[in-house]
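Q: Can you keep this structure in mind? I'll have questions shortly.
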Amino acid sequence: MNDTSKKPRRPIVSSAHLAQSAVPELSEMEFALNIGVNAFHRWIVRAMMAAGASEISPLEVQILHVLYHRERPKRLADICLMLNLEDTHTVTYALKKLERGGLVKSARQGKEKIAEVTAEGRDLCERYREIREECLIASIEMLNVDREDMAKLAGLLRALSGLYDQAARAATSL
């Protein structure tokens with residue numbers, strides 16, 4: 001007898017105890033997100049190293065790209081807001097390291113410190129962009145990933161980040 005009945009789908013999770021909830025798919029999404037974040041961090045560091053940077057962290061890569069965005073100086077608060085970071089000390093340290101490396105320069109604007117990329121930082125970001133086109137974009141295009149699906153996923157992830165922020169606030173009051 002051929003058994004055509006399907007086995008129940010088991011979510012792929014890192015913590016089965018967290019999947020024992022009303023929404024086990026959330027645990028599956030969290031595990032996938034964690035794996036994706038780690039792969040993304042590994043990618044951006046390797047790509048930036050291929051572009052010519054050395055000893056650079058994922059946070060420093062992200063900050064450099066934020067500062068290159070629209071080529072306008074940014075305040076520390078703006079960088080933290082854009083990256084959804086609350087620990088300003090890690091951002092301050094990363095900025096100092098980027099400045100020591102000649103990729104970023106800072107100045108005072110009133111009482112606030114602002115930072116912007118240097119010419120060397122811009123060149124590095126552009127080399128990164130070229131490497132990204134060659135190594136990543138070409139692969140995405142070969143997979144024929146639907147761009148609208150990708151945009152929807154990005155919107156969903158931004159919306160979920162708001163839910164996680166709200167849950168973090170609620171957990172702080174417990």
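Residues in the structure tokens are numbered from 1 in each chain, the chains being A, B, ... in the order shown, and ligands are numbered from 1 in the order shown.
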Residues near Met48 in chain A, anyone? I mean within 8 Å using only C-alpha atoms, not counting same-chain ones fewer than 6 positions away, as a PyMOL selection string.
A: chain A and resi 54+56+61+124-125+128
Q: Any chance you could export the current selection's C-alpha atoms as a short mmCIF file (atom, residue, chain, number, x, y, z; two decimals), in the first residue's frame?
A:
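Writing done, so here's again.cif:
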data_model
loop_
_atom_site.label_atom_id
_atom_site.label_comp_id
_atom_site.auth_asym_id
_atom_site.auth_seq_id
_atom_site.Cartn_x
_atom_site.Cartn_y
_atom_site.Cartn_z
CA SER A 54 41.62 45.27 6.88
CA ILE A 56 37.00 45.73 9.91
CA VAL A 61 31.14 48.25 7.45
CA LEU A 124 36.42 51.80 -0.55
CA CYS A 125 32.60 51.87 -0.65
CA TYR A 128 32.79 47.19 -2.27
#
Q: Quick one: residues within 12 Å of Ser14 in chain A, only C-alpha atoms counted, chain neighbours fewer than 3 positions away excluded, as a PDB file with C-alpha atoms, in the first residue's frame?
A:
ATOM      1  CA  PRO A  11       9.754  23.707  11.645  1.00  0.00           C
ATOM      2  CA  HIS A  17      11.235  24.806  23.422  1.00  0.00           C
ATOM      3  CA  LEU A  18      10.559  28.211  21.819  1.00  0.00           C
ATOM      4  CA  ALA A  19       8.685  26.597  18.931  1.00  0.00           C
ATOM      5  CA  PRO A  24       5.926  27.995  15.945  1.00  0.00           C
ATOM      6  CA  LEU A  26       8.053  32.629  14.480  1.00  0.00           C
ATOM      7  CA  SER A  27      10.773  30.400  15.955  1.00  0.00           C
ATOM      8  CA  GLU A  28      11.554  29.113  12.489  1.00  0.00           C
ATOM      9  CA  MET A  29      11.750  32.661  11.147  1.00  0.00           C
ATOM     10  CA  GLU A  30      13.975  33.725  14.072  1.00  0.00           C
ATOM     11  CA  PHE A  31      16.385  30.866  13.409  1.00  0.00           C
ATOM     12  CA  ALA A  32      16.489  31.696   9.694  1.00  0.00           C
ATOM     13  CA  LEU A  33      17.010  35.372  10.545  1.00  0.00           C
ATOM     14  CA  ASN A  34      19.892  34.517  12.878  1.00  0.00           C
ATOM     15  CA  ILE A  35      21.564  32.352  10.240  1.00  0.00           C
TER      16      ILE A  35
END
Q: I'd like to know which residues of range 26-147 of chain A are strand (DSSP E or B) (by DSSP, run on the backbone); could you write them as a list in words?
A: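 Answer for range 26-147 of chain A restricted to strand (DSSP E or B) is Lys74, Arg75, Val104, Lys105, Ser106, Ala107, Arg108, Gln109, Glu112, Lys113, Ile114, Ala115, Glu116 and Val117 of chain A.
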Q: I'd like the neighbourhood of range 154-158 of chain A as JSON, numbers by chain, where a residue qualifies if any of its atoms comes within 12 Å (using only C-alpha atoms), though same-chain residues fewer than 3 positions away should be ignored.
A: {"A": [29, 30, 33, 82, 83, 84, 147, 148, 149, 150, 151, 161, 162, 163, 164, 165]}
Q: Generate a file of the selected residues that holds N, CA and C atoms, formatted as a compact mmCIF listing (two decimals), in the first residue's frame.
A:
# COMPACT_ATOMS: atom_id res chain seq x y z
N MET A 29 11.31 31.42 11.77
CA MET A 29 11.75 32.66 11.15
C MET A 29 12.93 33.25 11.93
N GLU A 30 12.88 33.19 13.25
CA GLU A 30 13.98 33.72 14.07
C GLU A 30 15.28 32.97 13.81
N LEU A 33 16.50 34.01 10.45
CA LEU A 33 17.01 35.37 10.54
C LEU A 33 18.40 35.38 11.17
N MET A 82 19.34 55.05 12.22
CA MET A 82 19.28 54.35 10.95
C MET A 82 19.55 52.86 11.11
N LEU A 83 20.48 52.50 12.00
CA LEU A 83 20.84 51.10 12.19
C LEU A 83 20.07 50.44 13.33
N ASN A 84 19.18 51.20 13.97
CA ASN A 84 18.39 50.70 15.10
C ASN A 84 19.29 50.18 16.22
N ARG A 147 11.96 40.31 -7.51
CA ARG A 147 12.32 41.55 -6.82
C ARG A 147 11.18 42.07 -5.96
N GLU A 148 9.96 41.87 -6.40
CA GLU A 148 8.81 42.30 -5.60
C GLU A 148 8.72 41.49 -4.31
N ASP A 149 9.00 40.18 -4.40
CA ASP A 149 9.02 39.35 -3.19
C ASP A 149 10.11 39.83 -2.23
N MET A 150 11.27 40.21 -2.79
CA MET A 150 12.36 40.70 -1.97
C MET A 150 11.96 42.00 -1.27
N ALA A 151 11.29 42.88 -1.98
CA ALA A 151 10.84 44.15 -1.38
C ALA A 151 9.79 43.89 -0.30
N SER A 161 10.73 44.27 13.08
CA SER A 161 11.69 44.94 13.97
C SER A 161 10.94 45.85 14.94
N GLY A 162 9.87 46.48 14.47
CA GLY A 162 9.05 47.30 15.36
C GLY A 162 8.38 46.47 16.44
N LEU A 163 7.91 45.28 16.08
CA LEU A 163 7.29 44.41 17.08
C LEU A 163 8.31 43.95 18.12
N TYR A 164 9.52 43.62 17.65
CA TYR A 164 10.57 43.21 18.58
C TYR A 164 10.97 44.37 19.50
N ASP A 165 11.04 45.59 18.95
CA ASP A 165 11.33 46.76 19.79
C ASP A 165 10.25 46.97 20.83
Q: Point out the residue among A:Glu141, A:Lys152, A:Gln166, A:Glu116 with the least atom-to-atom distance to Arg70 in chain A, counting only C-alpha atoms.
A: A:Glu116
Q: Quick one: residues within 8 Å of Ile114 in chain A, only C-alpha atoms, excluding same-chain residues fewer than 6 positions away - as a ChimeraX atom specification?
A: /A:73-76,106-108
Q: So the first atom is CA of Lys105 in chain A and the second is CA of Thr118 in chain A; what is the distance between them in Å, to one decimal place?
A: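 CA of Thr118 in chain A lies 6.2 Å from CA of Lys105 in chain A.
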Q: Which of these residues is nearest to Cys135 in chain A, using only C-alpha atoms: A:Ile44, A:Leu85, A:Ala77, A:Leu67?
A: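 Between A:Ile44, A:Leu85, A:Ala77, A:Leu67, the residue approaching Cys135 in chain A most closely is A:Ile44.
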Q: Based on DSSP run over this structure's backbone, return all residues of chain A in alpha helix (DSSP H), as a CSV table (one decimal) with C-alpha atoms, in the first residue's frame.
A:
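Output file result_29.csv follows:
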chain,number,residue,atom,x,y,z
A,16,ALA,CA,12.5,23.5,20.1
A,17,HIS,CA,11.2,24.8,23.4
A,18,LEU,CA,10.6,28.2,21.8
A,19,ALA,CA,8.7,26.6,18.9
A,24,PRO,CA,5.9,28.0,15.9
A,25,GLU,CA,6.7,29.6,12.6
A,26,LEU,CA,8.1,32.6,14.5
A,27,SER,CA,10.8,30.4,16.0
A,28,GLU,CA,11.6,29.1,12.5
A,29,MET,CA,11.8,32.7,11.1
A,30,GLU,CA,14.0,33.7,14.1
A,31,PHE,CA,16.4,30.9,13.4
A,32,ALA,CA,16.5,31.7,9.7
A,33,LEU,CA,17.0,35.4,10.5
A,34,ASN,CA,19.9,34.5,12.9
A,35,ILE,CA,21.6,32.4,10.2
A,36,GLY,CA,21.0,35.1,7.7
A,37,VAL,CA,22.4,37.8,9.9
A,38,ASN,CA,25.5,35.8,10.5
A,39,ALA,CA,26.0,35.0,6.8
A,40,PHE,CA,25.4,38.7,6.0
A,41,HIS,CA,28.0,39.8,8.5
A,42,ARG,CA,30.5,37.3,7.2
A,43,TRP,CA,29.8,38.5,3.6
A,44,ILE,CA,30.1,42.2,4.3
A,45,VAL,CA,33.4,41.8,6.1
A,46,ARG,CA,34.8,39.6,3.4
A,47,ALA,CA,33.6,41.9,0.6
A,48,MET,CA,35.1,44.9,2.4
A,49,MET,CA,38.4,43.1,2.9
A,50,ALA,CA,38.4,42.2,-0.8
A,51,ALA,CA,37.8,45.9,-1.5
A,58,PRO,CA,30.4,44.2,10.5
A,59,LEU,CA,29.3,47.3,12.5
A,60,GLU,CA,32.1,49.4,11.0
A,61,VAL,CA,31.1,48.2,7.5
A,62,GLN,CA,27.5,49.2,8.1
A,63,ILE,CA,28.5,52.6,9.6
A,64,LEU,CA,30.8,53.3,6.6
A,65,HIS,CA,27.9,52.6,4.2
A,66,VAL,CA,25.5,54.8,6.3
A,67,LEU,CA,28.0,57.7,6.2
A,68,TYR,CA,28.4,57.3,2.4
A,76,LEU,CA,25.9,59.9,16.1
A,77,ALA,CA,22.1,59.9,16.9
A,78,ASP,CA,21.3,59.6,13.1
A,79,ILE,CA,23.6,56.6,12.7
A,80,CYS,CA,22.1,54.9,15.7
A,81,LEU,CA,18.6,55.6,14.5
A,82,MET,CA,19.3,54.3,10.9
A,83,LEU,CA,20.8,51.1,12.2
A,88,THR,CA,26.1,54.6,21.3
A,89,HIS,CA,29.4,53.5,22.9
A,90,THR,CA,29.9,50.7,20.2
A,91,VAL,CA,29.1,53.2,17.5
A,92,THR,CA,31.4,55.8,18.9
A,93,TYR,CA,34.2,53.2,19.1
A,94,ALA,CA,33.6,52.1,15.5
A,95,LEU,CA,33.7,55.7,14.3
A,96,LYS,CA,37.0,56.3,16.1
A,97,LYS,CA,38.4,53.2,14.5
A,98,LEU,CA,37.2,54.2,11.1
A,99,GLU,CA,38.6,57.7,11.6
A,100,ARG,CA,42.0,56.3,12.6
A,119,ALA,CA,37.7,60.3,-0.2
A,120,GLU,CA,39.4,57.1,0.8
A,121,GLY,CA,36.2,55.9,2.5
A,122,ARG,CA,34.2,56.7,-0.7
A,123,ASP,CA,36.6,54.8,-2.9
A,124,LEU,CA,36.4,51.8,-0.5
A,125,CYS,CA,32.6,51.9,-0.6
A,126,GLU,CA,32.7,52.0,-4.4
A,127,ARG,CA,35.1,49.1,-4.7
A,128,TYR,CA,32.8,47.2,-2.3
A,129,ARG,CA,29.9,48.0,-4.6
A,130,GLU,CA,31.8,46.6,-7.6
A,131,ILE,CA,32.6,43.4,-5.6
A,132,ARG,CA,29.0,43.1,-4.5
A,138,ALA,CA,25.1,38.2,-10.4
A,139,SER,CA,24.1,35.2,-8.2
A,140,ILE,CA,20.8,36.7,-7.2
A,141,GLU,CA,20.0,37.4,-10.9
A,142,MET,CA,20.9,33.8,-11.9
A,143,LEU,CA,18.5,32.5,-9.2
A,147,ARG,CA,12.3,41.6,-6.8
A,148,GLU,CA,8.8,42.3,-5.6
A,149,ASP,CA,9.0,39.4,-3.2
A,150,MET,CA,12.4,40.7,-2.0
A,151,ALA,CA,10.8,44.1,-1.4
A,152,LYS,CA,7.9,42.6,0.5
A,153,LEU,CA,10.3,40.6,2.7
A,154,ALA,CA,12.2,43.8,3.5
A,155,GLY,CA,9.0,45.5,4.5
A,156,LEU,CA,8.0,42.5,6.6
A,157,LEU,CA,11.4,42.5,8.4
A,158,ARG,CA,11.1,46.2,9.1
A,159,ALA,CA,7.6,45.7,10.5
A,160,LEU,CA,8.8,42.8,12.6
A,161,SER,CA,11.7,44.9,14.0
A,162,GLY,CA,9.0,47.3,15.4
A,163,LEU,CA,7.3,44.4,17.1
A,164,TYR,CA,10.6,43.2,18.6
A,165,ASP,CA,11.3,46.8,19.8
A,166,GLN,CA,7.9,47.0,21.4
A,167,ALA,CA,8.3,43.6,23.0
A,168,ALA,CA,11.7,44.7,24.3
A,169,ARG,CA,10.2,47.7,25.9
A,170,ALA,CA,7.5,45.5,27.5
A,171,ALA,CA,10.1,43.0,28.8
A,172,THR,CA,12.0,45.9,30.4
Q: Could you work out how far CA of Arg72 in chain A lies from CA of Gly101 in chain A, giving the answer in Å with one decimal?
A: 19.5 Å
Q: Using CA of Ala53 in chain A and CA of Gly102 in chain A as the two end points, give the distance in Å to one decimal.
A: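 Going from CA of Ala53 in chain A over to CA of Gly102 in chain A covers 10.8 Å.
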